[in-house]
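Here the structure is laid out as structure tokens; the discussion comes afterwards.
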Amino acid sequence: MPMYGDLGNKLVQHAKRTQNLAHLPPYQTELVRAVTREVRDLDKDVASLLEPFQGSFDPSADQATACTLLVNHLSMRRNKRCLLAYHRTRTDKLEELVWKGSDVLDLAGQQGGGTNGASAADGGGSSSLSPQEEDYVRQYGDLLAAYKGQWTDIDLTGSLEPPRDLFIDVRVLKDAGEIQTEYGAINLTKNSQFYVRQGDVERLIAQGYLQKLG
Amino acid sequence: MDIDDILREVDPTFHAIPQEKRDLQELTRAWIAERCAPELLPWPANGLFERIDDNIKRQIEKVEEMTGDMDPKTNFALIVIQTELERYRYLVRSYLRARIAKIDRHTLHYLSTDDLRSRLSEMELAYATHHQALLHNHYLSSFLSSFPANLQNLNDASAGISMIETPDLESAVFIRVLKNTLVQGRGVDTDDAVESDESDIMILRWADAKPLVEAGSAELV
């Protein structure tokens with residue numbers, strides 16, 4: 001028999017698994033809805049249990065009811081924590097992707113084809129993001145761009161590895177077209193190799209166009 | 001600030017050290033401290049980052065000027081300057097990112113009191129406030145809005161547990177002692193106090209190390 005909190009537990013397990021994955025698994029729309037429903041039902045139970053007492057409930061006089069109320073009360077709060085944890089884990093992941101500069105919305109679309117909200121809701125192979133998450137990514141992207149924009153000379157999303165060499169060897173993994181550097185234009189065609197300034201190509205390495213050698 | 005800085009201030013040759021170099025020292029120290037401390041440290045209020053920003057701009061202009069020159073000698077100087085510039089940038093980037101990571105982790109905590117808010121720079125404060133609003137909005141639209149009204153808060157403290165997570169001030173840090181001083185530390189079973197000498201390195205709880213670091217008797221390593 002399913003018990004209070006079972007569903008919440010499932011959500012937490014999903015969240016835990018998400019932490020170790022490179023990609024974001026599909027949003028558990030049904031599960032989130034079910035846990036939310038459980039909270040509402042519990043709240044109704046509490047209200048109807050308390051109704052006959054007209055606000056003068058004495059826990060020591062009716063210990064059985066008091067115990068039910070306590071269990072309901074704790075279950076609701078536990079479910080809330082599970083929901084918060086699940087969503088926060090996912091937004092953390094999404095933020096990480098935004099920082100890395102990968103186009104999250106595009107990526108989600110590629111995984112299933114079509115990012116429209118209606119088909120995303122059933123989680124069946126379409127976008128792995130909920131419509132709310134897509135909104136969130138868009139807004140967070142704007143927020144980050146605004147914060148970054150105040151440090152124009154630093155490139156906040158750049159590499160967090162301490163720089164060793166000014167110039168590095170790179171191999172081109174995917175055609176990336178022509179880029180402009182201080183030493184003229186370079187045409188990045190697949191499988192060619194270049195000795196370039198790290199700062200010029202960092203973005204392309206992060207996006208998987210180039211591979212750093214050595 | 002460490003003992004060298006204090007000595008330098010009374011030294012008549014102090015002003016021989018250019019401001020740029022002192023800024024770099026200060027930045028490096030702030031960066032190390034920020035990366036080691038478990039909680040957010042105050043934003044340097046003395047205009048350090050405005051000066052750093054100017055320095056970087058100046059160097060970038062210099063690089064652009066020198067790029068046109070084809071003389072091999074300038075070319076070598078150019079590489080040195082660019083390498084240094086990349087490292088400078090890395091320090092600033094890593095410092096700012098370390099702070100943002102801490103702010104994101106405990107946003108509500110750092111926004112909760114004026115004292116904590118004052119540790120953030122203006123930009124960081126704007127970022128944190130906006131980010132928290134986005135998150136709250138996301139929770140609301142995803143599930144929280146269909147909750148009973150009394151369960152919609154994000155800062156409840158029911159059953160004595162606050163919903164707002166705080167950084168662990170009891171976690172261990174390494175410090176280097178800069179002035180001979182008495183270091184007091186709390187242990188699991190007993191507390192201890194050690195008379196320590198300059199350049200001693202020790203490990204203790206951040207909560208115990210904090211007053212020493214703030215007083216300039218020790219620095220984080």
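Going by the structure tokens order, chains are called A, B, ..., each with residues numbered from 1, while ligands are numbered from 1 in the order shown.
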
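Applying a distance limit of 6 Å to only C-alpha atoms, the residues of chain A near chain B read Ile154, Leu156 and Leu166 of chain A.
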
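The environment of Asp142 of chain A within 12 Å, counting only C-alpha atoms and disregarding residues fewer than 2 places along the same chain, consists of Glu95, Val98, Trp99, Asp135, Tyr136, Val137, Arg138, Gln139, Tyr140, Leu144, Ala145, Ala146, Tyr147, Lys148 and Gly149 of chain A; Tyr127, His130, His131 and Leu134 of chain B.
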
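Taking atom CA of Leu213 of chain A and atom CA of Ser102 of chain A as the two end points, the separation is 21.8 Å.
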
Per-residue DSSP, segment 25-199 of chain A, filtered to helix (DSSP H, G or I), as a PyMOL selection string: chain A and resi 29-53+63-100+104-112+117-120+131-148+198-199

Which residues come within 9 Å of Val39 of chain A, counting only C-alpha atoms, excluding same-chain residues fewer than 4 positions away, as a compact mmCIF listing (two decimals) with N, CA, C and O atoms, in the first residue's frame?
```
# COMPACT_ATOMS: atom_id res chain seq x y z
N ALA A 34 1.41 14.69 -8.72
CA ALA A 34 0.89 13.77 -7.71
C ALA A 34 1.29 14.20 -6.30
O ALA A 34 0.48 14.16 -5.37
N VAL A 35 2.56 14.62 -6.14
CA VAL A 35 3.02 15.04 -4.81
C VAL A 35 2.28 16.30 -4.37
O VAL A 35 1.86 16.42 -3.22
N ASP A 43 -3.96 18.62 3.40
CA ASP A 43 -4.42 19.88 3.98
C ASP A 43 -5.93 19.85 4.20
O ASP A 43 -6.43 20.30 5.22
N LYS A 44 -6.65 19.26 3.22
CA LYS A 44 -8.11 19.12 3.37
C LYS A 44 -8.44 18.23 4.57
O LYS A 44 -9.33 18.54 5.35
N ASN A 72 0.08 14.21 9.43
CA ASN A 72 -0.30 14.97 8.23
C ASN A 72 0.55 16.22 8.07
O ASN A 72 1.03 16.52 6.98
N SER A 75 4.03 15.27 7.00
CA SER A 75 4.06 14.76 5.62
C SER A 75 4.00 15.89 4.61
O SER A 75 4.70 15.88 3.60
N MET A 76 3.14 16.87 4.89
CA MET A 76 3.03 18.01 3.97
C MET A 76 4.35 18.74 3.85
O MET A 76 4.82 19.06 2.76
N ARG A 77 4.99 18.98 4.99
CA ARG A 77 6.24 19.72 4.96
C ARG A 77 7.35 18.92 4.29
O ARG A 77 8.20 19.45 3.59
N ASN A 79 6.88 16.67 1.92
CA ASN A 79 6.64 16.73 0.47
C ASN A 79 7.14 18.04 -0.12
O ASN A 79 7.69 18.06 -1.22
N LYS A 80 6.93 19.11 0.61
CA LYS A 80 7.38 20.41 0.12
C LYS A 80 8.89 20.42 -0.03
O LYS A 80 9.43 20.89 -1.04
N PHE B 147 -0.20 25.08 -3.60
CA PHE B 147 -0.11 24.68 -2.20
C PHE B 147 -1.07 25.50 -1.35
O PHE B 147 -1.43 26.61 -1.73
N PRO B 148 -1.48 24.96 -0.18
CA PRO B 148 -2.24 25.80 0.76
C PRO B 148 -1.41 27.04 1.13
O PRO B 148 -0.18 26.96 1.22
```

Shell around Pro38 of chain B at 7 Å using only C-alpha atoms, local window under 4 positions removed, as a count of residues only: 3

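If you look at atom CA of Leu143 of chain A and atom CA of Arg90 of chain A, they are 17.7 Å away from each other.
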
Which of chain B fall in strand (DSSP E), as number ranges by chain: B: 172-177, 181-186, 191-196, 201-205, 218-220

Create the file for the chosen residues now, containing N, CA and C atoms and written as a PDB file, in the first residue's frame.
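Output contents, as saved in again30.pdb:
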```pdb
ATOM      1  N   ALA B 172      36.930  23.286   8.619  1.00  0.00           N
ATOM      2  CA  ALA B 172      38.335  23.536   8.918  1.00  0.00           C
ATOM      3  C   ALA B 172      39.011  24.390   7.848  1.00  0.00           C
ATOM      4  N   VAL B 173      39.893  25.269   8.272  1.00  0.00           N
ATOM      5  CA  VAL B 173      40.698  26.054   7.341  1.00  0.00           C
ATOM      6  C   VAL B 173      42.156  26.012   7.798  1.00  0.00           C
ATOM      7  N   PHE B 174      43.052  26.277   6.862  1.00  0.00           N
ATOM      8  CA  PHE B 174      44.461  26.426   7.206  1.00  0.00           C
ATOM      9  C   PHE B 174      44.790  27.902   7.305  1.00  0.00           C
ATOM     10  N   ILE B 175      45.530  28.275   8.340  1.00  0.00           N
ATOM     11  CA  ILE B 175      45.953  29.673   8.426  1.00  0.00           C
ATOM     12  C   ILE B 175      47.465  29.748   8.615  1.00  0.00           C
ATOM     13  N   ARG B 176      48.025  30.868   8.138  1.00  0.00           N
ATOM     14  CA  ARG B 176      49.423  31.159   8.427  1.00  0.00           C
ATOM     15  C   ARG B 176      49.434  32.326   9.399  1.00  0.00           C
ATOM     16  N   VAL B 177      50.148  32.154  10.491  1.00  0.00           N
ATOM     17  CA  VAL B 177      50.185  33.182  11.509  1.00  0.00           C
ATOM     18  C   VAL B 177      51.145  34.291  11.068  1.00  0.00           C
ATOM     19  N   THR B 181      50.948  35.412  18.375  1.00  0.00           N
ATOM     20  CA  THR B 181      49.654  35.633  19.017  1.00  0.00           C
ATOM     21  C   THR B 181      49.148  34.356  19.670  1.00  0.00           C
ATOM     22  N   LEU B 182      48.147  34.493  20.510  1.00  0.00           N
ATOM     23  CA  LEU B 182      47.543  33.333  21.154  1.00  0.00           C
ATOM     24  C   LEU B 182      46.388  32.840  20.272  1.00  0.00           C
ATOM     25  N   VAL B 183      46.514  31.597  19.818  1.00  0.00           N
ATOM     26  CA  VAL B 183      45.451  31.034  18.978  1.00  0.00           C
ATOM     27  C   VAL B 183      44.595  30.113  19.819  1.00  0.00           C
ATOM     28  N   GLN B 184      43.302  30.419  19.902  1.00  0.00           N
ATOM     29  CA  GLN B 184      42.398  29.581  20.676  1.00  0.00           C
ATOM     30  C   GLN B 184      41.509  28.785  19.746  1.00  0.00           C
ATOM     31  N   GLY B 185      41.443  27.484  19.988  1.00  0.00           N
ATOM     32  CA  GLY B 185      40.605  26.649  19.143  1.00  0.00           C
ATOM     33  C   GLY B 185      39.726  25.759  19.989  1.00  0.00           C
ATOM     34  N   ARG B 186      38.515  25.501  19.489  1.00  0.00           N
ATOM     35  CA  ARG B 186      37.623  24.603  20.190  1.00  0.00           C
ATOM     36  C   ARG B 186      37.726  23.222  19.559  1.00  0.00           C
ATOM     37  N   ASP B 191      38.905  22.210  24.637  1.00  0.00           N
ATOM     38  CA  ASP B 191      39.376  23.381  23.918  1.00  0.00           C
ATOM     39  C   ASP B 191      40.862  23.539  24.177  1.00  0.00           C
ATOM     40  N   ASP B 192      41.510  24.286  23.296  1.00  0.00           N
ATOM     41  CA  ASP B 192      42.951  24.402  23.416  1.00  0.00           C
ATOM     42  C   ASP B 192      43.377  25.812  23.043  1.00  0.00           C
ATOM     43  N   ALA B 193      44.458  26.269  23.647  1.00  0.00           N
ATOM     44  CA  ALA B 193      45.012  27.559  23.264  1.00  0.00           C
ATOM     45  C   ALA B 193      46.519  27.387  23.089  1.00  0.00           C
ATOM     46  N   VAL B 194      47.036  27.872  21.975  1.00  0.00           N
ATOM     47  CA  VAL B 194      48.459  27.719  21.684  1.00  0.00           C
ATOM     48  C   VAL B 194      49.080  29.087  21.444  1.00  0.00           C
ATOM     49  N   GLU B 195      50.232  29.298  22.046  1.00  0.00           N
ATOM     50  CA  GLU B 195      51.003  30.506  21.758  1.00  0.00           C
ATOM     51  C   GLU B 195      51.729  30.250  20.436  1.00  0.00           C
ATOM     52  N   SER B 196      51.389  31.003  19.404  1.00  0.00           N
ATOM     53  CA  SER B 196      51.970  30.683  18.096  1.00  0.00           C
ATOM     54  C   SER B 196      52.905  31.789  17.627  1.00  0.00           C
ATOM     55  N   ILE B 201      51.987  27.475  10.607  1.00  0.00           N
ATOM     56  CA  ILE B 201      50.779  27.129   9.845  1.00  0.00           C
ATOM     57  C   ILE B 201      49.951  26.173  10.674  1.00  0.00           C
ATOM     58  N   MET B 202      48.677  26.454  10.817  1.00  0.00           N
ATOM     59  CA  MET B 202      47.846  25.528  11.580  1.00  0.00           C
ATOM     60  C   MET B 202      46.469  25.365  10.957  1.00  0.00           C
ATOM     61  N   ILE B 203      45.817  24.298  11.411  1.00  0.00           N
ATOM     62  CA  ILE B 203      44.464  24.031  10.926  1.00  0.00           C
ATOM     63  C   ILE B 203      43.504  24.166  12.097  1.00  0.00           C
ATOM     64  N   LEU B 204      42.412  24.882  11.880  1.00  0.00           N
ATOM     65  CA  LEU B 204      41.415  25.037  12.939  1.00  0.00           C
ATOM     66  C   LEU B 204      40.077  25.410  12.335  1.00  0.00           C
ATOM     67  N   ARG B 205      39.066  25.513  13.191  1.00  0.00           N
ATOM     68  CA  ARG B 205      37.741  25.861  12.683  1.00  0.00           C
ATOM     69  C   ARG B 205      37.731  27.301  12.201  1.00  0.00           C
ATOM     70  N   ALA B 218      46.590  36.782  11.129  1.00  0.00           N
ATOM     71  CA  ALA B 218      46.792  35.546  10.386  1.00  0.00           C
ATOM     72  C   ALA B 218      46.162  35.708   9.015  1.00  0.00           C
ATOM     73  N   GLU B 219      46.604  34.869   8.050  1.00  0.00           N
ATOM     74  CA  GLU B 219      45.944  34.878   6.750  1.00  0.00           C
ATOM     75  C   GLU B 219      45.619  33.455   6.345  1.00  0.00           C
ATOM     76  N   LEU B 220      44.631  33.316   5.497  1.00  0.00           N
ATOM     77  CA  LEU B 220      44.242  31.981   5.032  1.00  0.00           C
ATOM     78  C   LEU B 220      45.228  31.503   3.978  1.00  0.00           C
TER      79      LEU B 220
END
```

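The shortest atom-to-atom distance to Ala98 of chain B, with only C-alpha atoms taken into account, belongs to B:Ala33 out of B:Leu24, B:Ala207, B:Ala33, B:Leu111.
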